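Coordinates from entry_10.txt are shown below (compact mmCIF, C-alpha atoms).
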# COMPACT_ATOMS: atom_id res chain seq x y z
CA MET A 1 19.91 7.66 -23.14
CA ALA A 2 16.13 7.13 -23.03
CA THR A 3 14.11 9.42 -20.78
CA ASN A 4 13.06 7.83 -17.50
CA ARG A 5 9.49 9.05 -17.05
CA LEU A 6 9.48 8.06 -13.38
CA LEU A 7 11.73 11.04 -12.73
CA GLU A 8 9.18 13.37 -14.38
CA ILE A 9 6.46 12.19 -11.98
CA LYS A 10 8.40 13.56 -9.00
CA GLN A 11 8.05 17.07 -10.44
CA PHE A 12 4.27 16.83 -9.96
CA GLY A 13 4.60 16.07 -6.24
CA GLN A 14 4.13 12.30 -6.47
CA SER A 15 6.62 9.77 -5.10
CA ILE A 16 7.17 6.38 -6.72
CA TRP A 17 7.68 3.44 -4.37
CA MET A 18 8.32 -0.14 -5.41
CA ASP A 19 5.94 -2.91 -4.44
CA ASN A 20 8.47 -5.69 -4.10
CA LEU A 21 11.12 -6.48 -1.52
CA THR A 22 13.40 -9.49 -1.79
CA ARG A 23 16.85 -10.24 -0.44
CA ASP A 24 18.03 -10.74 -4.04
CA ILE A 25 17.46 -7.08 -4.98
CA VAL A 26 19.08 -5.91 -1.74
CA LYS A 27 22.20 -8.08 -2.05
CA SER A 28 22.70 -7.62 -5.80
CA GLY A 29 22.75 -3.83 -5.55
CA GLU A 30 19.61 -3.58 -7.71
CA LEU A 31 17.63 -1.75 -5.02
CA LYS A 32 20.48 0.72 -4.43
CA ASP A 33 20.62 1.40 -8.17
CA MET A 34 16.85 1.94 -8.38
CA VAL A 35 17.00 4.38 -5.47
CA GLU A 36 20.05 6.29 -6.69
CA ASN A 37 19.35 6.35 -10.42
CA LYS A 38 15.77 5.44 -11.24
CA GLY A 39 13.61 7.60 -8.99
CA ILE A 40 12.41 4.93 -6.53
CA CYS A 41 12.04 6.53 -3.10
CA GLY A 42 10.27 3.91 -0.96
CA ILE A 43 9.42 0.23 -0.92
CA THR A 44 6.47 -1.85 0.26
CA SER A 45 6.29 -5.49 1.18
CA ASN A 46 3.50 -7.90 2.11
CA PRO A 47 3.15 -11.59 3.03
CA ALA A 48 2.51 -12.58 -0.62
CA ILE A 49 5.77 -10.88 -1.70
CA PHE A 50 7.74 -12.53 1.12
CA GLU A 51 6.28 -15.93 0.31
CA LYS A 52 7.53 -15.65 -3.28
CA ALA A 53 10.90 -14.33 -2.11
CA ILE A 54 11.62 -16.96 0.54
CA ALA A 55 10.03 -20.18 -0.75
CA GLY A 56 12.41 -22.04 -3.03
CA ASN A 57 15.22 -19.46 -2.70
CA VAL A 58 18.57 -20.72 -1.36
CA ILE A 59 19.71 -17.17 -0.51
CA TYR A 60 17.92 -17.54 2.87
CA ASP A 61 19.23 -21.03 3.73
CA ALA A 62 22.25 -19.96 5.80
CA ASP A 63 20.05 -17.77 8.01
CA ILE A 64 17.45 -20.51 8.31
CA GLU A 65 20.21 -22.89 9.46
CA ALA A 66 21.38 -20.29 12.00
CA GLY A 67 17.81 -20.13 13.30
CA ILE A 68 17.66 -23.94 13.55
CA ASN A 69 20.97 -23.99 15.48
CA ALA A 70 19.64 -21.30 17.81
CA LYS A 71 16.56 -23.56 18.32
CA LEU A 72 14.20 -20.78 17.23
CA PRO A 73 10.57 -21.63 16.50
CA ILE A 74 9.41 -21.34 12.85
CA TYR A 75 7.75 -17.96 13.37
CA LYS A 76 10.89 -16.48 14.91
CA ILE A 77 12.99 -17.80 12.01
CA TYR A 78 10.55 -16.11 9.61
CA GLU A 79 10.85 -12.83 11.51
CA SER A 80 14.63 -12.99 11.60
CA LEU A 81 14.65 -13.31 7.79
CA ILE A 82 12.22 -10.52 7.02
CA PHE A 83 13.48 -8.13 9.71
CA ASP A 84 16.97 -8.40 8.21
CA ASP A 85 15.63 -7.63 4.72
CA ILE A 86 13.63 -4.67 6.06
CA ARG A 87 16.62 -3.25 8.00
CA ASN A 88 18.91 -3.54 4.98
CA ALA A 89 16.34 -1.89 2.70
CA CYS A 90 15.85 0.87 5.30
CA ASP A 91 19.61 1.51 5.28
CA ILE A 92 19.66 1.75 1.48
CA LEU A 93 16.73 4.20 1.56
CA ARG A 94 18.04 6.23 4.50
CA PRO A 95 19.67 8.94 2.31
CA ILE A 96 16.24 9.55 0.69
CA TYR A 97 14.64 9.73 4.14
CA ASP A 98 17.23 12.28 5.27
CA SER A 99 17.24 14.42 2.11
CA SER A 100 13.42 14.53 1.95
CA GLU A 101 13.25 15.38 5.69
CA GLY A 102 11.20 12.26 6.42
CA LEU A 103 8.75 12.58 3.54
CA ASP A 104 10.09 9.54 1.65
CA GLY A 105 12.64 6.76 2.07
CA TYR A 106 10.27 4.38 3.88
CA VAL A 107 10.13 0.60 3.91
CA SER A 108 6.73 -0.87 4.80
CA ILE A 109 6.23 -4.13 6.66
CA GLU A 110 2.86 -5.70 7.43
CA VAL A 111 1.87 -6.94 10.88
CA PRO A 112 0.85 -10.63 10.66
CA PRO A 113 -2.37 -10.77 8.57
CA THR A 114 -3.76 -13.42 10.94
CA ILE A 115 -4.39 -10.67 13.54
CA ALA A 116 -6.25 -8.29 11.18
CA HIS A 117 -9.35 -8.40 13.41
CA ASP A 118 -7.58 -8.07 16.75
CA THR A 119 -6.91 -4.45 17.80
CA GLU A 120 -4.79 -5.17 20.88
CA ALA A 121 -2.63 -7.78 19.14
CA THR A 122 -2.09 -5.35 16.23
CA ILE A 123 -0.96 -2.56 18.60
CA LYS A 124 1.38 -4.95 20.40
CA GLU A 125 2.94 -6.31 17.19
CA ALA A 126 3.29 -2.83 15.62
CA ARG A 127 5.22 -1.66 18.71
CA ARG A 128 7.39 -4.76 18.72
CA TYR A 129 8.13 -4.59 14.96
CA TYR A 130 9.07 -0.92 15.25
CA GLN A 131 11.37 -1.53 18.24
CA GLU A 132 13.01 -4.72 16.94
CA ILE A 133 13.62 -3.42 13.42
CA GLY A 134 15.06 -0.27 14.97
CA ARG A 135 14.98 2.05 11.96
CA ASP A 136 13.39 5.52 11.85
CA ASN A 137 12.29 4.95 8.27
CA VAL A 138 10.32 1.75 8.79
CA MET A 139 6.56 2.04 8.30
CA VAL A 140 4.27 -0.54 9.88
CA LYS A 141 1.38 -1.67 7.71
CA ILE A 142 -1.97 -2.01 9.50
CA PRO A 143 -5.18 -2.95 7.66
CA GLY A 144 -7.86 -0.24 7.54
CA THR A 145 -10.47 -2.53 9.10
CA SER A 146 -12.79 -1.60 11.97
CA SER A 147 -10.30 -3.39 14.27
CA GLY A 148 -7.23 -1.93 12.56
CA LEU A 149 -8.15 1.76 12.74
CA PRO A 150 -8.11 2.08 16.56
CA ALA A 151 -4.65 0.45 16.39
CA VAL A 152 -3.58 3.05 13.79
CA GLU A 153 -4.69 5.85 16.11
CA GLN A 154 -2.86 4.37 19.10
CA VAL A 155 0.46 3.62 17.43
CA ILE A 156 0.54 7.01 15.66
CA SER A 157 0.14 8.60 19.11
CA GLU A 158 3.23 6.61 20.16
CA GLY A 159 5.29 7.99 17.26
CA ILE A 160 5.24 4.93 14.99
CA ASN A 161 4.95 5.49 11.21
CA VAL A 162 1.93 3.73 9.70
CA ASN A 163 0.90 2.58 6.25
CA VAL A 164 -2.87 2.02 6.49
CA THR A 165 -3.44 -0.76 3.98
CA LEU A 166 -6.33 -2.49 2.19
CA LEU A 167 -8.42 0.63 1.68
CA PHE A 168 -11.00 0.20 -1.08
CA SER A 169 -13.90 2.53 -0.34
CA VAL A 170 -13.72 6.31 -0.07
CA ASP A 171 -15.37 6.05 3.37
CA SER A 172 -12.62 3.69 4.60
CA TYR A 173 -10.02 6.18 3.40
CA ILE A 174 -11.75 9.04 5.26
CA GLU A 175 -11.85 6.93 8.44
CA SER A 176 -8.15 6.15 8.11
CA ALA A 177 -7.31 9.85 7.69
CA TRP A 178 -9.22 10.75 10.85
CA ALA A 179 -7.59 7.88 12.78
CA TYR A 180 -4.22 9.41 11.83
CA ILE A 181 -5.40 12.86 12.90
CA ARG A 182 -6.74 11.61 16.26
CA GLY A 183 -3.42 9.84 16.90
CA LEU A 184 -1.50 13.05 16.21
CA GLU A 185 -3.89 15.10 18.37
CA LYS A 186 -3.41 12.68 21.26
CA ARG A 187 0.38 12.88 20.92
CA ALA A 188 0.34 16.70 20.62
CA ALA A 189 -1.87 16.92 23.74
CA GLU A 190 0.87 15.03 25.62
CA GLY A 191 3.32 17.75 24.53
CA LYS A 192 5.26 15.39 22.26
CA ASP A 193 6.78 16.19 18.86
CA ILE A 194 4.55 15.27 15.92
CA SER A 195 6.83 16.49 13.14
CA LYS A 196 8.71 13.21 12.68
CA ILE A 197 5.71 10.93 12.09
CA ALA A 198 4.65 9.84 8.62
CA SER A 199 1.67 7.92 7.30
CA VAL A 200 0.24 6.83 3.97
CA ALA A 201 -3.26 5.55 3.21
CA SER A 202 -2.96 2.67 0.70
CA PHE A 203 -5.91 2.90 -1.63
CA PHE A 204 -6.26 -0.18 -3.85
CA LEU A 205 -7.09 0.06 -7.56
CA SER A 206 -6.86 -2.85 -10.01
CA ARG A 207 -8.73 -5.26 -7.73
CA ILE A 208 -11.76 -2.96 -7.88
CA ASP A 209 -11.85 -3.00 -11.67
CA SER A 210 -11.27 -6.77 -11.79
CA ASN A 211 -14.25 -7.34 -9.49
CA ILE A 212 -16.60 -4.89 -11.24
CA ASP A 213 -15.50 -5.89 -14.76
CA GLY A 214 -16.35 -9.49 -13.86
CA LYS A 215 -19.85 -8.43 -12.82
CA ILE A 216 -20.28 -6.37 -16.02
CA ASP A 217 -19.12 -9.28 -18.20
CA ALA A 218 -21.67 -11.55 -16.51
CA LYS A 219 -24.44 -8.99 -17.23
CA LEU A 220 -23.31 -8.57 -20.87
CA LYS A 221 -23.80 -12.29 -21.59
CA GLY A 222 -26.90 -12.82 -23.63
CA ILE A 223 -27.71 -9.11 -24.04
CA ASP A 224 -28.63 -8.14 -27.59
CA ASP A 225 -29.70 -4.57 -26.81
CA ALA A 226 -26.93 -2.38 -28.26
CA SER A 227 -27.61 0.70 -26.09
CA LEU A 228 -27.72 -1.35 -22.89
CA SER A 229 -24.54 -3.12 -23.94
CA ALA A 230 -22.84 0.24 -24.55
CA LYS A 231 -23.99 1.55 -21.15
CA LEU A 232 -22.50 -1.47 -19.36
CA THR A 233 -19.28 -1.47 -21.38
CA ALA A 234 -18.73 2.24 -20.66
CA VAL A 235 -18.18 1.39 -16.98
CA LYS A 236 -15.49 -1.26 -17.55
CA GLY A 237 -12.00 -0.40 -16.37
CA LYS A 238 -13.12 3.02 -15.12
CA VAL A 239 -14.37 2.56 -11.57
CA ALA A 240 -11.05 2.28 -9.69
CA ILE A 241 -9.64 5.52 -11.10
CA ALA A 242 -12.94 7.38 -10.57
CA ASN A 243 -13.05 6.12 -6.98
CA ALA A 244 -9.43 7.25 -6.41
CA LYS A 245 -10.12 10.73 -7.81
CA ILE A 246 -13.05 11.09 -5.40
CA ALA A 247 -10.83 9.95 -2.50
CA TYR A 248 -8.34 12.67 -3.47
CA GLN A 249 -11.11 15.29 -3.29
CA GLU A 250 -11.84 14.06 0.25
CA TYR A 251 -8.13 14.35 1.08
CA LYS A 252 -8.25 18.00 0.01
CA LYS A 253 -11.24 18.66 2.28
CA ILE A 254 -9.47 17.03 5.23
CA VAL A 255 -6.25 19.05 4.85
CA THR A 256 -8.20 22.31 4.71
CA SER A 257 -10.12 21.48 7.93
CA ASP A 258 -9.43 23.47 11.11
CA ARG A 259 -8.34 20.34 12.98
CA TRP A 260 -5.72 19.58 10.35
CA LYS A 261 -4.52 23.19 10.20
CA ALA A 262 -3.94 23.14 13.99
CA LEU A 263 -1.76 20.03 13.63
CA SER A 264 0.01 21.39 10.57
CA ALA A 265 0.97 24.47 12.60
CA LYS A 266 2.73 22.07 15.01
CA GLY A 267 4.74 20.53 12.16
CA ALA A 268 2.54 17.53 11.29
CA ASN A 269 3.04 15.82 7.92
CA VAL A 270 0.00 15.09 5.76
CA GLN A 271 -1.05 11.48 5.42
CA ARG A 272 -0.55 10.96 1.70
CA LEU A 273 -2.84 8.82 -0.41
CA LEU A 274 -0.86 5.91 -1.80
CA TRP A 275 -2.16 4.19 -4.93
CA ALA A 276 -1.73 0.44 -4.47
CA SER A 277 -2.54 -2.63 -6.58
CA THR A 278 -1.42 -0.69 -9.66
CA GLY A 279 -0.38 -3.55 -11.94
CA THR A 280 -3.03 -3.75 -14.67
CA LYS A 281 -4.77 -7.13 -14.56
CA ASP A 282 -6.62 -6.90 -17.91
CA PRO A 283 -4.19 -7.12 -20.86
CA SER A 284 -6.56 -5.06 -23.02
CA TYR A 285 -5.94 -2.01 -20.77
CA SER A 286 -2.85 0.18 -20.82
CA ASP A 287 -0.17 -1.31 -18.57
CA VAL A 288 0.36 2.12 -17.00
CA MET A 289 -3.22 3.37 -16.71
CA TYR A 290 -3.14 3.36 -12.90
CA VAL A 291 -0.08 5.60 -13.05
CA ASP A 292 -0.94 8.02 -15.87
CA GLU A 293 -4.39 8.88 -14.54
CA LEU A 294 -3.43 9.52 -10.92
CA VAL A 295 -0.33 11.70 -10.90
CA GLY A 296 -0.78 14.63 -8.51
CA PRO A 297 0.59 16.46 -5.47
CA ASP A 298 1.00 14.78 -2.07
CA THR A 299 0.48 11.26 -3.41
CA VAL A 300 2.53 8.08 -3.66
CA ASN A 301 2.22 5.34 -6.27
CA THR A 302 3.63 1.94 -5.39
CA LEU A 303 4.43 -0.09 -8.49
CA PRO A 304 5.39 -3.72 -9.09
CA PRO A 305 8.70 -4.13 -11.00
CA SER A 306 7.01 -4.75 -14.38
CA THR A 307 4.97 -1.54 -14.07
CA ILE A 308 8.09 0.39 -13.02
CA GLU A 309 9.80 -0.69 -16.25
CA ALA A 310 6.72 0.05 -18.36
CA CYS A 311 6.27 3.47 -16.77
CA ALA A 312 9.93 4.46 -17.10
CA ASP A 313 9.56 3.65 -20.78
CA HIS A 314 6.16 5.05 -21.79
CA CYS A 315 4.17 6.75 -19.03
CA ASP A 316 2.39 9.87 -20.31
CA VAL A 317 3.10 12.10 -17.33
CA ASP A 318 0.79 14.95 -16.41
CA ASN A 319 -1.08 16.18 -13.33
CA ARG A 320 -4.35 14.29 -13.84
CA VAL A 321 -5.60 13.40 -10.36
CA GLU A 322 -7.92 16.41 -10.48
CA THR A 323 -9.02 16.12 -14.09
CA LYS A 324 -12.47 14.72 -15.04
CA VAL A 325 -13.58 14.80 -11.39
CA ASP A 326 -17.23 15.52 -12.28
CA GLU A 327 -17.14 12.53 -14.61
CA ALA A 328 -15.75 10.42 -11.77
CA TYR A 329 -18.71 11.31 -9.51
CA GLN A 330 -21.14 10.64 -12.40
CA LEU A 331 -19.56 7.26 -13.12
CA ILE A 332 -19.83 6.10 -9.50
CA LYS A 333 -23.42 7.37 -9.39
CA SER A 334 -24.23 5.52 -12.63
CA LEU A 335 -23.55 2.17 -10.92
CA LYS A 336 -26.93 2.60 -9.18
CA ASP A 337 -28.69 2.88 -12.56
CA PRO A 338 -31.18 -0.04 -12.72
CA ASP A 339 -29.60 -1.15 -16.02
CA ILE A 340 -26.15 -1.42 -14.39
CA ASN A 341 -27.22 -2.17 -10.81
CA ILE A 342 -23.87 -2.75 -9.08
CA ASP A 343 -23.77 -2.20 -5.33
CA ILE A 344 -20.36 -0.56 -4.91
CA ASP A 345 -20.50 -0.70 -1.09
CA LYS A 346 -20.98 -4.45 -1.27
CA VAL A 347 -18.10 -4.74 -3.77
CA MET A 348 -15.81 -2.84 -1.36
CA GLU A 349 -16.77 -5.14 1.53
CA GLU A 350 -16.08 -8.23 -0.62
CA LEU A 351 -12.71 -6.82 -1.61
CA LEU A 352 -11.67 -6.10 1.97
CA VAL A 353 -12.52 -9.65 3.12
CA ASP A 354 -10.79 -11.05 0.05
CA GLY A 355 -7.80 -8.70 0.55
CA ILE A 356 -7.15 -10.02 4.07
CA ASP A 357 -7.52 -13.56 2.77
CA LYS A 358 -5.01 -12.83 -0.04
CA PHE A 359 -2.44 -12.04 2.66
CA VAL A 360 -3.41 -14.76 5.18
CA LYS A 361 -3.11 -17.59 2.63
CA PRO A 362 0.44 -16.81 1.44
CA PHE A 363 1.46 -16.11 5.05
CA GLU A 364 0.25 -19.59 6.08
CA SER A 365 1.77 -21.11 2.96
CA LEU A 366 5.11 -19.42 3.76
CA MET A 367 5.05 -20.81 7.32
CA SER A 368 4.40 -24.25 5.87
CA SER A 369 7.21 -24.01 3.28
CA LEU A 370 9.55 -22.74 6.02
CA GLU A 371 8.67 -25.81 8.10
CA ASP A 372 9.67 -27.97 5.11
CA LYS A 373 12.94 -26.07 4.72
CA VAL A 374 13.68 -26.43 8.42
CA SER A 375 13.15 -30.21 8.28
CA ASN A 376 15.36 -30.50 5.17
CA LEU A 377 18.14 -28.34 6.59
CA SER A 378 18.04 -29.72 10.14
CA PRO A 379 20.88 -32.08 11.04
CA VAL A 380 19.60 -35.65 11.21
Re-express the file's structure as structure tokens.
Amino acid sequence: MATNRLLEIKQFGQSIWMDNLTRDIVKSGELKDMVENKGICGITSNPAIFEKAIAGNVIYDADIEAGINAKLPIYKIYESLIFDDIRNACDILRPIYDSSEGLDGYVSIEVPPTIAHDTEATIKEARRYYQEIGRDNVMVKIPGTSSGLPAVEQVISEGINVNVTLLFSVDSYIESAWAYIRGLEKRAAEGKDISKIASVASFFLSRIDSNIDGKIDAKLKGIDDASLSAKLTAVKGKVAIANAKIAYQEYKKIVTSDRWKALSAKGANVQRLLWASTGTKDPSYSDVMYVDELVGPDTVNTLPPSTIEACADHCDVDNRVETKVDEAYQLIKSLKDPDINIDIDKVMEELLVDGIDKFVKPFESLMSSLEDKVSNLSPV
């Protein structure tokens, strides 16, 4: 039998989660098989994934009809579908949650992306999702925006697990880590247990390279200076991994701080960096480059199904998250070189705005396709 390289990754302290949740994989037993035999120990979902899963799939029709008969509004029908999928996935992953003592075995669900800029609404929905889903191993996804981070702090203090999502810049990651710490400190100050709370900081990768590569390609057009061309080309496909390696160095500083040590002494779990958006977009790059280069302790990598298969087959597994760190800092610094001239802060802002939009659009599209389904399935 061929070696499954995903299982090797675990030995380096990294957990592999799957970035795809559909009722099909729950009902068919595929998810159970991946958890029991293939090294998958968590799952993430988002509005884009749910849109693909629900639109045009008859597997949900009976539940949609039940929602129509119960005279539920469209949004409540949507929630009844996804909450069921999340609960069932949580149950499949529960043995992992128990055996890892709450380190893994989580299923992430995003609060509605339409409230990304509303702190109070985010807090309210995170509480409601956590209560209604009713599983210890559910993790509520909250965007790491200026409005999302105060919500992260508050719901962590209430004992709700959080996946801070849409982190692109190292600064945003640092802010999300401190929001987690402040939430734990607040809870500890109230004399409550902090040992059962988990959080990940979802740091996005391929979208960064896609954005920067596009800018480099535009600059390369019409350049006939070979050395300038080489300087620009050297940056392509390298920024996301360099950025992630720098974020990991910041993680190490945070977990050696006195504030963290005080929480750790009370049983707190570290907020792990989770590498997200790890499917390679450029076919000329290795299909597992966002896995191979970022294996390391206290991290998670969430992979789409195609990357899971590719990695199981041919990942080159080694502890690399702390290799070539000086080069990573140099590469990010080189973006300011007048010949390259890419404003990375501006790129990160663009990506965050675009990231929210990439979830709002499929969410709205899903609501609209659900409306169509409801009209087709409703008795005349």
Can you find the residues with an atom no farther than 9 Å from (-1.7, -2.1, 16.5), counting all atoms listed in the file, and report them as number ranges by chain?
-> A: 111, 118-127, 142, 147-155
Residue contacts of Ser286 of chain A (12 Å, all atoms listed in the file) excluding same-chain residues fewer than 5 positions away, as a ChimeraX atom specification | /A:206,237,278-281,291-293,307,310-311,314-316
Tell me, counting all atoms listed in the file, for each residue of segment 109-139 of chain A within 8 Å of segment 347-368 of chain A, which pair of atoms is nearest and how far apart they are in Å to one decimal, in rows ordered by chain and increasing number, as a tab-separated table.
residue	atom	partner	partner_atom	distance
A:Pro112	CA	A:Phe363	CA	7.9
A:Pro113	CA	A:Val360	CA	5.3
A:Thr114	CA	A:Val360	CA	5.9
A:Ala116	CA	A:Ile356	CA	7.4
Could you please take those selected residues and save C-alpha atoms as a PDB file, in the coordinates of the input?
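So the final result, stored in out.pdb, reads:
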ATOM      1  CA  PRO A 112       0.850 -10.630  10.660  1.00  0.00           C
ATOM      2  CA  PRO A 113      -2.370 -10.770   8.570  1.00  0.00           C
ATOM      3  CA  THR A 114      -3.760 -13.420  10.940  1.00  0.00           C
ATOM      4  CA  ALA A 116      -6.250  -8.290  11.180  1.00  0.00           C
TER       5      ALA A 116
END
Expected residue set, 10 Å radius at (20.5, -17.5, 8.3), all atoms listed in the file, as an mmCIF file with C-alpha atoms, in the coordinates of the input:
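Result file follows (out_3.cif):
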data_model
loop_
_atom_site.group_PDB
_atom_site.id
_atom_site.type_symbol
_atom_site.label_atom_id
_atom_site.label_comp_id
_atom_site.auth_asym_id
_atom_site.auth_seq_id
_atom_site.Cartn_x
_atom_site.Cartn_y
_atom_site.Cartn_z
ATOM 1 C CA ILE A 59 19.710 -17.170 -0.510
ATOM 2 C CA TYR A 60 17.920 -17.540 2.870
ATOM 3 C CA ASP A 61 19.230 -21.030 3.730
ATOM 4 C CA ALA A 62 22.250 -19.960 5.800
ATOM 5 C CA ASP A 63 20.050 -17.770 8.010
ATOM 6 C CA ILE A 64 17.450 -20.510 8.310
ATOM 7 C CA GLU A 65 20.210 -22.890 9.460
ATOM 8 C CA ALA A 66 21.380 -20.290 12.000
ATOM 9 C CA GLY A 67 17.810 -20.130 13.300
ATOM 10 C CA ILE A 68 17.660 -23.940 13.550
ATOM 11 C CA ASN A 69 20.970 -23.990 15.480
ATOM 12 C CA ILE A 77 12.990 -17.800 12.010
ATOM 13 C CA SER A 80 14.630 -12.990 11.600
ATOM 14 C CA LEU A 81 14.650 -13.310 7.790
ATOM 15 C CA ASP A 84 16.970 -8.400 8.210
#
Closest of A:Arg182, A:Arg87, A:His117, A:Lys324 to Asn137 of chain A - atom-to-atom distances counting all atoms listed in the file | A:Arg87
Would you list the contacts of segment 173-177 of chain A as a ChimeraX atom specification, taking every protein, DNA or RNA residue within 7 Å and counting all atoms listed in the file, but skipping same-chain residues closer than 6 positions in sequence?
-> /A:144,149,164,167,201,271
Which residues of segment 122-219 of chain A sit at most 10 Å from segment 99-106 of chain A, using only C-alpha atoms? Give each one's shortest atom pair and distance in Å (one decimal place), in chain and ascending residue order, as a Markdown table.
| residue | atom | partner | partner_atom | distance |
| --- | --- | --- | --- | --- |
| A:Arg135 | CA | A:Tyr106 | CA | 9.6 |
| A:Asp136 | CA | A:Tyr106 | CA | 8.6 |
| A:Asn137 | CA | A:Tyr106 | CA | 4.9 |
| A:Val138 | CA | A:Tyr106 | CA | 5.6 |
| A:Met139 | CA | A:Tyr106 | CA | 6.2 |
| A:Val140 | CA | A:Tyr106 | CA | 9.8 |
| A:Asn161 | CA | A:Tyr106 | CA | 9.1 |
| A:Asn163 | CA | A:Tyr106 | CA | 9.8 |
| A:Ser195 | CA | A:Gly102 | CA | 9.1 |
| A:Lys196 | CA | A:Gly102 | CA | 6.8 |
| A:Ile197 | CA | A:Gly102 | CA | 8.0 |
| A:Ala198 | CA | A:Leu103 | CA | 7.1 |
| A:Ser199 | CA | A:Leu103 | CA | 9.3 |
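Nearest to Glu110 of chain A of all the residues A:Val58, A:Val325, A:Ile49, A:Ile92 is A:Ile49, counting all atoms listed in the file.
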Among listed residues A:Asp225, A:Asp209, A:Glu132, A:Asp19, nearest Asp339 of chain A (using all atoms listed in the file) = A:Asp225
A:Leu93, A:Ile254, A:Glu36, A:Asp287: which is nearest Pro304 of chain A, counting only C-alpha atoms?
-> A:Asp287
Any idea what the distance is between atom CA of Val295 of chain A and atom CA of Glu309 of chain A?
->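 Calculated distance between atom CA of Val295 of chain A and atom CA of Glu309 of chain A is 16.9 Å.
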Hey, which of A:Ile308, A:Leu166, A:Ile216, A:Leu6 ends up closest to Ser229 of chain A? Count all atoms listed in the file.
->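 Smallest distance to Ser229 of chain A is found for A:Ile216.
Taking atom CA of Glu190 of chain A and atom CA of Ser157 of chain A as endpoints, the distance between them is 9.2 Å.
Ranking A:Ser306, A:Asp343, A:Lys253, A:Gly191 by their shortest atom-to-atom distance to Asn20 of chain A, with all atoms listed in the file included, puts A:Ser306 first.
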Distance in Å - atom CA of Thr323 of chain A versus atom CA of Leu263 of chain A =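 These atoms are spaced 28.9 Å apart.
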Can you list, as a PyMOL selection string, every protein, DNA or RNA residue that comes within 10 Å of Ser277 of chain A when you count all atoms listed in the file, leaving out same-chain residues fewer than 5 positions away?
-> chain A and resi 19+166+202-208+290+301-304
Take the selection from the previous step and output its residues with C-alpha atoms, as a compact mmCIF listing (two decimals), in the coordinates of the input.
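Output file again-v9.txt follows:
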# COMPACT_ATOMS: atom_id res chain seq x y z
CA ASP A 19 5.94 -2.91 -4.44
CA LEU A 166 -6.33 -2.49 2.19
CA SER A 202 -2.96 2.67 0.70
CA PHE A 203 -5.91 2.90 -1.63
CA PHE A 204 -6.26 -0.18 -3.85
CA LEU A 205 -7.09 0.06 -7.56
CA SER A 206 -6.86 -2.85 -10.01
CA ARG A 207 -8.73 -5.26 -7.73
CA ILE A 208 -11.76 -2.96 -7.88
CA TYR A 290 -3.14 3.36 -12.90
CA ASN A 301 2.22 5.34 -6.27
CA THR A 302 3.63 1.94 -5.39
CA LEU A 303 4.43 -0.09 -8.49
CA PRO A 304 5.39 -3.72 -9.09
Name all residues at most 8 Å from Ala247 of chain A (count all atoms listed in the file; drop same-chain ones fewer than 2 positions away) and give them as a list in words.
-> Val170, Tyr173, Ile174, Asn243, Ala244, Lys245, Gln249, Glu250 and Tyr251 of chain A
